[in-house]
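Printed here is structure05.cif (mmCIF, C-alpha atoms and all ligand atoms):
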data_target
#
loop_
_atom_site.label_atom_id
_atom_site.label_comp_id
_atom_site.auth_asym_id
_atom_site.auth_seq_id
_atom_site.Cartn_x
_atom_site.Cartn_y
_atom_site.Cartn_z
CA ARG V 1 77.45 65.07 113.02
CA ASN V 2 74.10 65.38 114.73
CA ILE V 3 75.84 65.95 118.05
CA SER V 4 78.08 68.62 116.57
CA ARG V 5 75.03 70.23 114.99
CA THR V 6 73.23 70.30 118.34
CA LEU V 7 76.30 71.75 120.04
CA VAL V 8 76.66 74.52 117.53
CA SER V 9 72.98 75.23 117.00
CA ARG V 10 73.15 78.01 119.57
CA PHE V 11 75.27 79.92 117.05
CA PHE V 12 72.59 79.92 114.35
CA LYS V 13 70.36 82.92 113.79
CA THR V 14 67.91 80.75 111.91
CA SER V 15 67.15 77.06 111.81
CA SER V 16 69.79 75.33 109.75
CA SER V 17 69.02 73.39 106.63
CA CYS V 18 67.93 69.81 107.20
CA LYS V 19 70.42 68.56 104.66
CA SER V 20 73.27 66.41 105.90
CA VAL V 21 74.91 65.57 102.59
CA MET V 22 75.49 67.45 99.34
CA PRO V 23 77.08 66.98 95.92
CA ALA V 24 80.78 67.85 95.68
CA TRP V 25 83.99 67.01 93.87
CA VAL V 26 86.54 65.61 96.32
CA ILE V 27 89.94 63.95 96.34
CA ASP V 28 90.77 61.02 98.65
CA LYS V 29 94.52 61.15 97.99
CA TYR V 30 96.95 63.44 96.19
CA GLY V 31 97.71 62.82 92.54
CA GLY V 32 96.76 63.57 88.95
CA ASN V 33 93.35 64.35 87.51
CA ASP V 34 92.19 60.76 88.11
CA VAL V 35 91.98 61.40 91.88
CA LEU V 36 89.04 63.78 91.38
CA ARG V 37 85.84 62.02 92.46
CA PHE V 38 82.24 63.24 92.27
CA THR V 39 80.05 62.36 95.24
CA LYS V 40 76.48 63.13 96.18
CA ASN V 41 77.34 62.36 99.80
CA ALA V 42 79.88 64.98 100.84
CA SER V 43 79.20 66.13 104.38
CA PHE V 44 77.16 69.31 104.58
CA PRO V 45 79.15 72.28 105.96
CA VAL V 46 78.46 73.21 109.57
CA ILE V 47 78.70 76.59 111.28
CA THR V 48 81.15 76.06 114.12
CA TYR V 49 81.91 79.69 114.99
CA PRO V 50 79.30 82.44 115.42
CA ASN V 51 80.94 84.65 112.76
CA GLU V 52 80.51 82.07 109.99
CA VAL V 53 78.10 81.91 107.07
CA ILE V 54 77.03 79.06 104.80
CA VAL V 55 77.01 79.98 101.13
CA LYS V 56 75.15 78.13 98.39
CA VAL V 57 77.67 78.00 95.57
CA PHE V 58 76.53 79.17 92.13
CA ALA V 59 79.96 79.33 90.48
CA ALA V 60 83.51 78.37 91.47
CA GLY V 61 86.71 79.71 89.95
CA LEU V 62 89.76 77.50 89.46
CA ASN V 63 93.34 78.63 89.98
CA PRO V 64 96.78 77.06 89.44
CA ILE V 65 96.88 76.39 93.21
CA ASP V 66 93.95 73.94 92.84
CA VAL V 67 96.00 71.85 90.41
CA SER V 68 99.04 72.08 92.71
CA MET V 69 97.01 71.17 95.82
CA ARG V 70 95.45 68.22 93.99
CA GLY V 71 99.04 66.95 93.75
CA GLY V 72 99.81 67.57 97.44
CA TYR V 73 101.39 71.02 97.23
CA GLY V 74 101.33 72.82 100.57
CA ALA V 75 99.94 69.76 102.38
CA ALA V 76 102.16 70.23 105.46
CA THR V 77 101.24 73.88 105.96
CA MET V 78 97.55 73.30 105.29
CA SER V 79 97.49 70.44 107.81
CA MET V 80 99.03 72.70 110.43
CA LYS V 81 96.41 75.40 109.75
CA ARG V 82 93.55 72.88 109.94
CA ASP V 83 94.89 71.00 112.94
CA PRO V 84 97.37 73.20 114.86
CA LEU V 85 97.62 70.79 117.79
CA ASN V 86 98.38 67.88 115.46
CA ILE V 87 95.64 65.76 117.02
CA ASN V 88 94.29 64.14 113.88
CA GLN V 89 95.82 61.22 112.03
CA ARG V 90 97.80 61.72 108.82
CA GLY V 91 95.40 61.95 105.88
CA SER V 92 92.56 63.37 107.98
CA GLU V 93 92.13 66.16 105.40
CA PHE V 94 90.46 63.68 103.02
CA PRO V 95 87.97 63.76 101.43
CA LEU V 96 89.26 67.17 100.42
CA THR V 97 87.28 69.66 98.34
CA LEU V 98 89.26 72.09 96.17
CA GLY V 99 88.16 75.40 94.60
CA ARG V 100 89.22 78.79 95.94
CA ASP V 101 86.70 81.18 94.36
CA VAL V 102 83.02 81.30 95.12
CA SER V 103 80.08 83.35 94.00
CA GLY V 104 76.75 82.41 95.50
CA VAL V 105 74.00 83.19 97.99
CA ILE V 106 74.06 83.18 101.79
CA MET V 107 71.90 80.39 103.17
CA GLU V 108 72.60 80.69 106.87
CA CYS V 109 74.35 83.13 109.23
CA GLY V 110 76.02 82.59 112.59
CA LEU V 111 74.72 84.65 115.53
CA ASP V 112 77.52 87.23 115.43
CA VAL V 113 77.10 87.96 111.73
CA LYS V 114 75.77 91.50 111.47
CA TYR V 115 76.65 92.64 107.99
CA PHE V 116 75.05 89.81 105.98
CA GLN V 117 71.69 88.12 105.92
CA GLU V 118 70.15 85.12 104.21
CA ARG V 119 69.73 85.43 100.45
CA ASP V 120 72.48 88.06 100.09
CA GLU V 121 74.45 87.48 96.89
CA VAL V 122 78.12 87.27 97.85
CA TRP V 123 81.58 86.47 96.52
CA ALA V 124 84.69 85.32 98.35
CA ALA V 125 88.17 83.88 98.05
CA ILE V 126 88.45 80.77 100.21
CA PRO V 127 91.72 80.21 102.11
CA PRO V 128 93.47 77.05 100.86
CA TRP V 129 93.23 75.30 104.25
CA LYS V 130 89.42 75.47 104.17
CA ARG V 131 87.01 73.24 102.27
CA GLY V 132 86.67 74.63 98.77
CA SER V 133 83.89 75.73 96.45
CA LEU V 134 83.61 72.70 94.15
CA ALA V 135 80.55 71.74 96.18
CA GLU V 136 76.95 72.80 96.51
CA PHE V 137 77.62 74.64 99.80
CA VAL V 138 80.65 76.07 101.59
CA VAL V 139 81.18 77.59 105.04
CA LEU V 140 83.22 80.77 105.41
CA SER V 141 84.07 83.42 107.99
CA ALA V 142 81.97 86.53 107.39
CA ASN V 143 85.14 88.63 107.17
CA GLU V 144 86.23 86.64 104.12
CA VAL V 145 82.93 87.38 102.34
CA SER V 146 81.72 90.44 100.45
CA LEU V 147 78.53 91.41 98.64
CA LYS V 148 78.84 90.40 94.98
CA PRO V 149 79.06 93.16 92.35
CA LYS V 150 75.56 93.72 90.99
CA SER V 151 76.88 94.18 87.47
CA LEU V 152 78.34 90.65 87.28
CA SER V 153 76.73 87.25 86.85
CA HIS V 154 77.80 84.57 89.34
CA THR V 155 80.02 83.04 86.64
CA GLU V 156 81.80 86.34 86.06
CA ALA V 157 82.05 87.08 89.80
CA ALA V 158 83.71 83.71 90.47
CA ALA V 159 86.55 84.70 88.14
CA ILE V 160 87.77 87.48 90.40
CA PRO V 161 88.16 86.95 94.20
CA TYR V 162 91.28 84.75 94.52
CA VAL V 163 93.37 86.59 91.92
CA ALA V 164 92.01 89.94 93.08
CA THR V 165 92.81 89.43 96.77
CA THR V 166 96.24 88.08 95.78
CA ALA V 167 96.95 91.10 93.57
CA TRP V 168 95.58 93.42 96.28
CA SER V 169 97.76 91.84 98.94
CA ALA V 170 100.85 91.99 96.70
CA LEU V 171 100.35 95.48 95.26
CA VAL V 172 98.67 97.29 98.15
CA ASN V 173 99.75 95.55 101.38
CA THR V 174 103.24 94.51 100.23
CA GLY V 175 103.91 96.94 97.38
CA GLY V 176 102.47 100.00 99.14
CA LEU V 177 100.39 101.15 96.16
CA THR V 178 97.01 102.83 96.69
CA LYS V 179 94.55 104.56 94.42
CA ASP V 180 95.97 107.87 95.67
CA ASN V 181 99.69 107.27 95.06
CA CYS V 182 99.63 105.28 91.83
CA ALA V 183 99.28 108.07 89.26
CA LYS V 184 102.15 107.97 86.77
CA LYS V 185 104.00 105.24 88.73
CA ARG V 186 105.72 102.85 86.34
CA VAL V 187 104.73 99.26 87.06
CA LEU V 188 105.99 96.11 85.33
CA ILE V 189 103.90 92.94 85.51
CA ILE V 190 105.94 89.87 84.58
CA GLY V 191 103.32 87.44 83.22
CA GLY V 192 100.36 89.69 82.40
CA SER V 193 98.02 87.33 80.52
CA GLY V 194 96.87 84.96 83.29
CA GLY V 195 94.44 85.33 86.17
CA VAL V 196 96.50 87.56 88.47
CA GLY V 197 97.96 89.56 85.59
CA THR V 198 94.65 90.41 83.93
CA PHE V 199 93.22 91.61 87.23
CA ALA V 200 96.36 93.56 88.27
CA ILE V 201 96.52 95.34 84.91
CA GLN V 202 92.96 96.63 85.28
CA MET V 203 93.37 97.68 88.90
CA LEU V 204 96.60 99.56 88.21
CA LYS V 205 95.19 101.27 85.13
CA ALA V 206 92.10 102.32 87.10
CA TRP V 207 94.47 103.93 89.62
CA GLY V 208 96.41 105.79 86.93
CA ALA V 209 99.66 103.80 86.80
CA HIS V 210 101.73 103.31 83.65
CA VAL V 211 101.68 99.54 83.09
CA THR V 212 104.16 97.43 81.13
CA VAL V 213 103.63 93.68 80.91
CA THR V 214 105.50 90.69 79.60
CA CYS V 215 103.48 88.00 77.85
CA SER V 216 103.72 85.80 74.79
CA GLN V 217 103.22 87.34 71.36
CA ASN V 218 99.77 85.79 70.89
CA ALA V 219 98.52 87.50 74.08
CA GLU V 220 99.64 91.03 73.12
CA HIS V 221 96.33 92.08 71.61
CA PHE V 222 94.47 90.59 74.58
CA VAL V 223 96.42 92.52 77.25
CA MET V 224 96.37 95.74 75.21
CA GLY V 225 92.58 95.42 75.31
CA LEU V 226 92.78 95.56 79.11
CA GLY V 227 94.53 98.94 78.93
CA VAL V 228 98.23 98.04 79.10
CA ASP V 229 100.58 100.83 77.98
CA HIS V 230 103.50 98.72 76.78
CA VAL V 231 103.90 95.01 76.00
CA VAL V 232 107.10 92.99 75.74
CA ASP V 233 106.95 89.55 74.12
CA TYR V 234 108.92 87.09 76.24
CA THR V 235 108.96 84.48 73.48
CA ALA V 236 110.98 86.70 71.09
CA GLY V 237 114.29 86.31 72.97
CA PRO V 238 115.72 87.22 76.37
CA VAL V 239 112.98 89.49 77.67
CA GLU V 240 115.34 91.39 79.99
CA VAL V 241 117.07 92.99 76.98
CA PRO V 242 114.10 95.04 75.67
CA LEU V 243 112.99 95.69 79.28
CA ALA V 244 116.41 97.15 80.17
CA ALA V 245 116.01 99.70 77.37
CA LEU V 246 112.90 101.14 79.02
CA ASP V 247 112.72 103.74 81.82
CA LYS V 248 113.15 102.11 85.21
CA PHE V 249 110.16 100.92 87.24
CA ASP V 250 108.70 101.89 90.62
CA LEU V 251 107.23 98.44 91.20
CA ILE V 252 107.49 95.00 89.64
CA LEU V 253 104.87 92.29 90.20
CA ASP V 254 106.35 88.92 89.25
CA ASN V 255 103.85 86.17 88.42
CA ILE V 256 106.48 83.90 86.84
CA GLY V 257 109.49 83.66 89.15
CA GLY V 258 112.49 81.40 88.70
CA SER V 259 115.14 83.00 86.48
CA THR V 260 113.30 86.35 86.47
CA GLU V 261 114.87 87.18 89.85
CA ARG V 262 118.31 87.27 88.22
CA TRP V 263 117.49 90.38 86.15
CA ALA V 264 114.20 91.90 87.33
CA LEU V 265 115.55 93.89 90.28
CA ASN V 266 118.01 95.70 87.97
CA LEU V 267 114.97 97.25 86.26
CA LEU V 268 113.88 99.13 89.42
CA LYS V 269 114.67 102.80 90.16
CA PRO V 270 117.32 102.52 92.91
CA TRP V 271 117.15 104.53 96.16
CA SER V 272 113.56 105.61 95.50
CA GLY V 273 111.61 103.04 97.53
CA ALA V 274 111.05 100.88 94.42
CA LYS V 275 109.90 97.32 95.15
CA TYR V 276 110.00 93.92 93.48
CA VAL V 277 107.14 91.68 94.71
CA THR V 278 107.15 88.06 93.59
CA LEU V 279 104.19 85.67 93.97
CA VAL V 280 106.37 82.67 93.22
CA THR V 281 108.03 81.70 96.49
CA PRO V 282 109.50 78.49 97.91
CA PHE V 283 107.40 78.76 101.10
CA PHE V 284 105.21 75.68 100.59
CA GLN V 285 107.97 73.58 98.96
CA ASN V 286 110.14 74.26 102.01
CA THR V 287 107.50 73.17 104.53
CA ASP V 288 106.45 70.21 102.36
CA THR V 289 110.01 68.87 102.11
CA LEU V 290 111.59 70.02 105.39
CA GLY V 291 108.59 70.01 107.73
CA ILE V 292 106.97 73.02 109.36
CA ALA V 293 109.75 74.15 111.72
CA ASP V 294 112.75 73.65 109.43
CA GLY V 295 110.77 74.81 106.42
CA MET V 296 109.81 78.07 108.15
CA LEU V 297 113.41 78.57 109.24
CA GLN V 298 114.70 77.99 105.73
CA THR V 299 112.03 80.34 104.33
CA THR V 300 112.93 83.12 106.77
CA ALA V 301 116.64 82.76 106.03
CA THR V 302 116.05 82.81 102.25
CA VAL V 303 113.82 85.87 102.18
CA ALA V 304 115.98 87.77 104.68
CA SER V 305 119.21 87.15 102.75
CA LYS V 306 117.60 88.10 99.43
CA ALA V 307 116.05 91.25 100.90
CA LEU V 308 119.40 92.30 102.38
CA LYS V 309 121.31 91.57 99.18
CA HIS V 310 119.04 93.91 97.22
CA LEU V 311 118.61 96.51 99.96
CA VAL V 312 122.29 97.46 99.69
CA LYS V 313 121.64 98.15 96.00
CA GLY V 314 118.78 100.50 96.93
CA VAL V 315 115.79 98.33 95.94
CA HIS V 316 113.32 96.28 97.97
CA TYR V 317 112.79 92.55 97.51
CA ARG V 318 109.48 91.13 98.81
CA TRP V 319 107.33 88.00 98.68
CA GLY V 320 103.62 88.43 97.99
CA PHE V 321 100.91 86.07 99.19
CA PHE V 322 97.21 85.55 98.78
CA ALA V 323 95.35 87.05 101.75
CA PRO V 324 91.60 86.45 102.19
CA SER V 325 89.84 89.77 102.69
CA GLY V 326 86.18 90.68 102.46
CA SER V 327 87.08 94.36 102.87
CA ALA V 328 89.44 94.28 99.86
CA LEU V 329 86.63 92.63 97.88
CA ASP V 330 84.29 95.43 99.01
CA GLU V 331 86.63 97.99 97.40
CA ILE V 332 87.07 95.82 94.32
CA ARG V 333 83.26 95.51 94.00
CA GLU V 334 83.02 99.29 93.66
CA MET V 335 85.64 99.28 90.91
CA VAL V 336 83.75 96.49 89.13
CA ASP V 337 80.32 98.11 89.43
CA SER V 338 81.71 101.44 88.18
CA GLY V 339 83.05 99.68 85.08
CA GLN V 340 86.77 100.06 85.92
CA ILE V 341 87.38 96.31 86.19
CA HIS V 342 85.87 93.56 84.06
CA ALA V 343 85.80 89.84 84.73
CA VAL V 344 88.03 88.00 82.27
CA VAL V 345 86.45 84.55 81.90
CA GLU V 346 88.36 82.47 79.40
CA GLU V 347 86.31 79.27 79.61
CA THR V 348 83.38 77.90 81.62
CA PHE V 349 82.63 74.29 82.52
CA SER V 350 79.59 72.58 84.00
CA PHE V 351 79.73 70.91 87.44
CA ALA V 352 79.96 67.53 85.66
CA GLN V 353 83.07 68.74 83.81
CA VAL V 354 85.32 69.54 86.79
CA PRO V 355 88.10 67.16 85.61
CA GLN V 356 88.10 68.90 82.20
CA ALA V 357 88.31 72.27 83.98
CA PHE V 358 91.35 71.06 85.95
CA ALA V 359 92.93 69.76 82.74
CA LYS V 360 92.42 73.17 81.13
CA VAL V 361 94.13 75.00 84.02
CA GLU V 362 96.91 72.40 84.07
CA ARG V 363 97.69 72.94 80.36
CA GLY V 364 98.67 76.54 81.25
CA HIS V 365 98.67 79.42 78.75
CA ALA V 366 95.74 80.98 80.58
CA ARG V 367 94.13 84.07 79.08
CA GLY V 368 92.10 85.06 82.13
CA LYS V 369 90.11 82.62 84.25
CA THR V 370 88.47 79.19 84.20
CA VAL V 371 85.10 78.97 85.96
CA VAL V 372 82.86 76.03 86.93
CA GLN V 373 79.10 76.64 87.04
CA ILE V 374 77.72 74.73 90.02
CA ASN V 375 74.03 75.64 90.22
P1 LIG Z 1 97.88 81.69 85.34
O1 LIG Z 1 98.22 80.28 85.02
O2 LIG Z 1 96.47 82.14 85.25
O3 LIG Z 1 98.73 82.66 84.39
C1 LIG Z 1 100.08 82.54 84.10
C2 LIG Z 1 100.31 83.34 82.80
O4 LIG Z 1 101.69 83.56 82.57
C3 LIG Z 1 99.75 82.65 81.55
O5 LIG Z 1 98.96 83.57 80.83
C4 LIG Z 1 101.00 82.27 80.76
O6 LIG Z 1 100.69 82.28 79.37
C5 LIG Z 1 101.97 83.36 81.18
N1 LIG Z 1 103.40 83.01 81.11
C6 LIG Z 1 103.97 81.80 81.25
N2 LIG Z 1 105.30 81.90 81.22
C7 LIG Z 1 105.58 83.23 81.07
C8 LIG Z 1 106.79 83.98 81.01
N3 LIG Z 1 108.00 83.39 81.08
N4 LIG Z 1 106.70 85.32 80.89
C9 LIG Z 1 105.50 85.95 80.82
N5 LIG Z 1 104.31 85.29 80.87
C10 LIG Z 1 104.36 83.94 81.00
O7 LIG Z 1 98.45 81.98 86.78
P2 LIG Z 1 97.95 83.10 87.85
O8 LIG Z 1 97.96 84.41 87.17
O9 LIG Z 1 96.71 82.67 88.51
O10 LIG Z 1 99.12 83.02 88.91
C11 LIG Z 1 100.41 83.51 88.57
C12 LIG Z 1 101.43 82.89 89.51
O11 LIG Z 1 101.23 83.39 90.80
C13 LIG Z 1 101.34 81.37 89.60
O12 LIG Z 1 102.65 80.85 89.64
C14 LIG Z 1 100.65 81.14 90.91
O13 LIG Z 1 100.99 79.90 91.47
C15 LIG Z 1 101.18 82.31 91.72
N6 LIG Z 1 100.29 82.68 92.81
C16 LIG Z 1 100.83 82.81 94.03
C17 LIG Z 1 100.05 83.17 95.10
C18 LIG Z 1 100.67 83.33 96.45
O14 LIG Z 1 99.95 83.39 97.47
N7 LIG Z 1 101.99 83.48 96.52
C19 LIG Z 1 98.59 83.36 94.96
C20 LIG Z 1 98.14 83.28 93.59
C21 LIG Z 1 98.97 82.93 92.56
P3 LIG Z 1 101.69 81.67 78.24
O15 LIG Z 1 102.28 80.41 78.82
O16 LIG Z 1 100.82 81.39 77.06
O17 LIG Z 1 102.70 82.75 77.98
#

Mind turning this structure into structure tokens?
Ligand code: NDP
Amino acid sequence: RNISRTLVSRFFKTSSSCKSVMPAWVIDKYGGNDVLRFTKNASFPVITYPNEVIVKVFAAGLNPIDVSMRGGYGAATMSMKRDPLNINQRGSEFPLTLGRDVSGVIMECGLDVKYFQERDEVWAAIPPWKRGSLAEFVVLSANEVSLKPKSLSHTEAAAIPYVATTAWSALVNTGGLTKDNCAKKRVLIIGGSGGVGTFAIQMLKAWGAHVTVTCSQNAEHFVMGLGVDHVVDYTAGPVEVPLAALDKFDLILDNIGGSTERWALNLLKPWSGAKYVTLVTPFFQNTDTLGIADGMLQTTATVASKALKHLVKGVHYRWGFFAPSGSALDEIREMVDSGQIHAVVEETFSFAQVPQAFAKVERGHARGKTVVQIN
């Protein structure tokens, strides 16, 4: 460690902290909640590239992917991202720190970092192959980081980045929506009451879209409070029946997947550029079970055949993915600070209660976000 610190010290703008260990929650193997382990001796993050920053974590948001990754989901793809040349031994990712959302303060900047300085309050969504935010400090690329909205506490800010950058990637980059072309567009969100849904509703409403969501009956009041125009209760019977009676949609964001694909694309306006974007894809399952090469091949074949099948019917079928983006968070910060988007924090936990926070996310039925207060 000391050698690596000496080697990289030329990248620091300022002298780095003297700390070499820090408190963190880690896992040493994949499994259930019992694999979560608190340690005071996690290795302190190190700046290895000149565009990196070290952030002191004040709050960390949890997402369903943290529960899935705790169980080994995506392990093959993450290993490839961390170790593209496959030099390290199997299991070299451990001890692994989870947690994809961070709100905190910059402690140290690499030499090429121009936009940030020490003590800036920032928020970020951490890519799943990087060490997560359930720790006192985390290292990130500056282009993944953004100045935190001034109107939010750290706890509130940590509820937004991962779901927001996912929704942004799905709706803007994949779905082609922007604040200038959204007015009056009819959008259906399948699964509106969770983390991604509650953010997507607010963003689309701020941009003037007409938003319909599916959710369970006991979430109707909750999503209406976020500005939804029309709610369909999926627990009252086959949800596609009431949805088919509505005017057709310009875009569908699917947060649920599975059987929804059998009927959802029939709800789109054909031959108008209408798109179905699903966040529930077999990408990681394929690489986990088939390996990287065969998994990628299988994934490409699946998405291409589905896209073609629906293209001949005049609608577009797409997969949406989380994409880390400081610049998207910059735009989202303006929407937050102007009061167009609110953080939806369902429950907060202390740093000592990380296993309880995981158990909460694992139980499902989210109504917004679960956040862990770290400092
Ligand atoms: P959450 O767990 O926060 O929310 C899911 C919501 O869906 C809950 O409110 C749940 O409430 C509701 N729900 C469950 N079943 C249905 C149903 N049949 N119809 C309508 N609503 C339903 O998840 P997120 O919002 O964070 O994520 C949504 C999905 O997107 C997850 O599957 C996640 O893995 C995926 N995702 C994918 C990403 C990617 O890169 N591809 C990135 C981020 C997320 P209730 O059960 O009470 O109805």

Mind dumping a table of every region 18-132 of chain V residue within 7 Å of region 347-365 of chain V, with the nearest atom pair and its distance in Å to one decimal, using all atoms listed in the file, sorted by chain and rising number, as JSON lines?
{"residue": "V:Asn33", "atom": "CA", "partner": "V:Pro355", "partner_atom": "CA", "distance": 6.3}
{"residue": "V:Leu36", "atom": "CA", "partner": "V:Pro355", "partner_atom": "CA", "distance": 6.8}
{"residue": "V:Pro64", "atom": "CA", "partner": "V:Val361", "partner_atom": "CA", "distance": 6.4}
{"residue": "V:Val67", "atom": "CA", "partner": "V:Glu362", "partner_atom": "CA", "distance": 6.4}

Could you tell me which of V:His210, V:Glu118, V:Ala142, V:Tyr317 comes closest to Gly273 (chain V) if we count all atoms listed in the file?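 Ranking V:His210, V:Glu118, V:Ala142, V:Tyr317 by distance to Gly273 (chain V), first place goes to V:Tyr317.
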
Within 12 Å of region 297-310 of chain V using only C-alpha atoms, minus same-chain residues under 5 positions, as a PyMOL selection string: chain V and resi 261-266+268+270-271+273-278+281-292+315-320

Can you tell me, as a list in words, what residues are no more than 9 Å from Ser79 (chain V) when counting all atoms listed in the file, ignoring any on the same chain fewer than 2 positions away?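 Once the nearby chain positions are removed, what remains is Gly74, Ala75, Ala76, Thr77, Lys81, Arg82, Asp83, Pro84, Asn86, Arg90, Gly91, Ser92, Glu93 and Trp129 of chain V.
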
Expressed in Å, the length from CA of Ser259 (chain V) to CA of Leu279 (chain V) is 13.5 Å

Near-ligand residues for ligand LIG 1 (chain Z), threshold 6 Å, only C-alpha atoms and all ligand atoms, as a PDB file with C-alpha atoms, keeping the file's coordinate frame:
ATOM      1  CA  ASN V  63      93.340  78.630  89.980  1.00  0.00           C
ATOM      2  CA  PRO V  64      96.780  77.060  89.440  1.00  0.00           C
ATOM      3  CA  ILE V  65      96.880  76.390  93.210  1.00  0.00           C
ATOM      4  CA  THR V 166      96.240  88.080  95.780  1.00  0.00           C
ATOM      5  CA  ILE V 190     105.940  89.870  84.580  1.00  0.00           C
ATOM      6  CA  GLY V 191     103.320  87.440  83.220  1.00  0.00           C
ATOM      7  CA  SER V 193      98.020  87.330  80.520  1.00  0.00           C
ATOM      8  CA  GLY V 194      96.870  84.960  83.290  1.00  0.00           C
ATOM      9  CA  GLY V 195      94.440  85.330  86.170  1.00  0.00           C
ATOM     10  CA  VAL V 196      96.500  87.560  88.470  1.00  0.00           C
ATOM     11  CA  GLY V 197      97.960  89.560  85.590  1.00  0.00           C
ATOM     12  CA  THR V 214     105.500  90.690  79.600  1.00  0.00           C
ATOM     13  CA  CYS V 215     103.480  88.000  77.850  1.00  0.00           C
ATOM     14  CA  SER V 216     103.720  85.800  74.790  1.00  0.00           C
ATOM     15  CA  TYR V 234     108.920  87.090  76.240  1.00  0.00           C
ATOM     16  CA  ASN V 255     103.850  86.170  88.420  1.00  0.00           C
ATOM     17  CA  ILE V 256     106.480  83.900  86.840  1.00  0.00           C
ATOM     18  CA  LEU V 279     104.190  85.670  93.970  1.00  0.00           C
ATOM     19  CA  VAL V 280     106.370  82.670  93.220  1.00  0.00           C
ATOM     20  CA  GLY V 320     103.620  88.430  97.990  1.00  0.00           C
ATOM     21  CA  PHE V 321     100.910  86.070  99.190  1.00  0.00           C
ATOM     22  CA  PHE V 322      97.210  85.550  98.780  1.00  0.00           C
ATOM     23  CA  GLY V 364      98.670  76.540  81.250  1.00  0.00           C
ATOM     24  CA  HIS V 365      98.670  79.420  78.750  1.00  0.00           C
ATOM     25  CA  ALA V 366      95.740  80.980  80.580  1.00  0.00           C
ATOM     26  CA  ARG V 367      94.130  84.070  79.080  1.00  0.00           C
TER      27      ARG V 367
END

Among listed residues V:Gly61, V:Leu140, V:Leu267, V:Ala135, nearest Thr48 (chain V) (using only C-alpha atoms):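 Checking each candidate against Thr48 (chain V), we get V:Leu140 as the closest.
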
Atom pair CA of Leu243 (chain V) + CA of Leu171 (chain V), distance 20.4 Å

Let me make sure I understand: among V:Glu121, V:Lys184, V:Gly257, V:Gly31, which one has the smallest atom-to-atom distance to Tyr73 (chain V) if we use all atoms listed in the file?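 For Tyr73 (chain V), the nearest of the given residues is V:Gly31.
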
In Å, rounded to a single decimal, give me how far CA of Ala170 (chain V) is from CA of Thr260 (chain V). 17.1 Å

Within 10 Å of region 145-151 of chain V, counting all atoms listed in the file, which residues qualify if same-chain residues fewer than 4 places away don't, as a CSV table (one decimal) with C-alpha atoms, in the frame of the given file?
chain,number,residue,atom,x,y,z
V,52,GLU,CA,80.5,82.1,110.0
V,53,VAL,CA,78.1,81.9,107.1
V,55,VAL,CA,77.0,80.0,101.1
V,102,VAL,CA,83.0,81.3,95.1
V,103,SER,CA,80.1,83.4,94.0
V,104,GLY,CA,76.8,82.4,95.5
V,105,VAL,CA,74.0,83.2,98.0
V,106,ILE,CA,74.1,83.2,101.8
V,115,TYR,CA,76.6,92.6,108.0
V,116,PHE,CA,75.0,89.8,106.0
V,120,ASP,CA,72.5,88.1,100.1
V,121,GLU,CA,74.4,87.5,96.9
V,122,VAL,CA,78.1,87.3,97.8
V,123,TRP,CA,81.6,86.5,96.5
V,124,ALA,CA,84.7,85.3,98.4
V,125,ALA,CA,88.2,83.9,98.0
V,126,ILE,CA,88.4,80.8,100.2
V,140,LEU,CA,83.2,80.8,105.4
V,141,SER,CA,84.1,83.4,108.0
V,156,GLU,CA,81.8,86.3,86.1
V,157,ALA,CA,82.0,87.1,89.8
V,158,ALA,CA,83.7,83.7,90.5
V,161,PRO,CA,88.2,87.0,94.2
V,324,PRO,CA,91.6,86.4,102.2
V,325,SER,CA,89.8,89.8,102.7
V,326,GLY,CA,86.2,90.7,102.5
V,327,SER,CA,87.1,94.4,102.9
V,328,ALA,CA,89.4,94.3,99.9
V,329,LEU,CA,86.6,92.6,97.9
V,330,ASP,CA,84.3,95.4,99.0
V,331,GLU,CA,86.6,98.0,97.4
V,332,ILE,CA,87.1,95.8,94.3
V,333,ARG,CA,83.3,95.5,94.0
V,334,GLU,CA,83.0,99.3,93.7
V,335,MET,CA,85.6,99.3,90.9
V,336,VAL,CA,83.8,96.5,89.1
V,337,ASP,CA,80.3,98.1,89.4
V,338,SER,CA,81.7,101.4,88.2
V,339,GLY,CA,83.0,99.7,85.1
V,342,HIS,CA,85.9,93.6,84.1
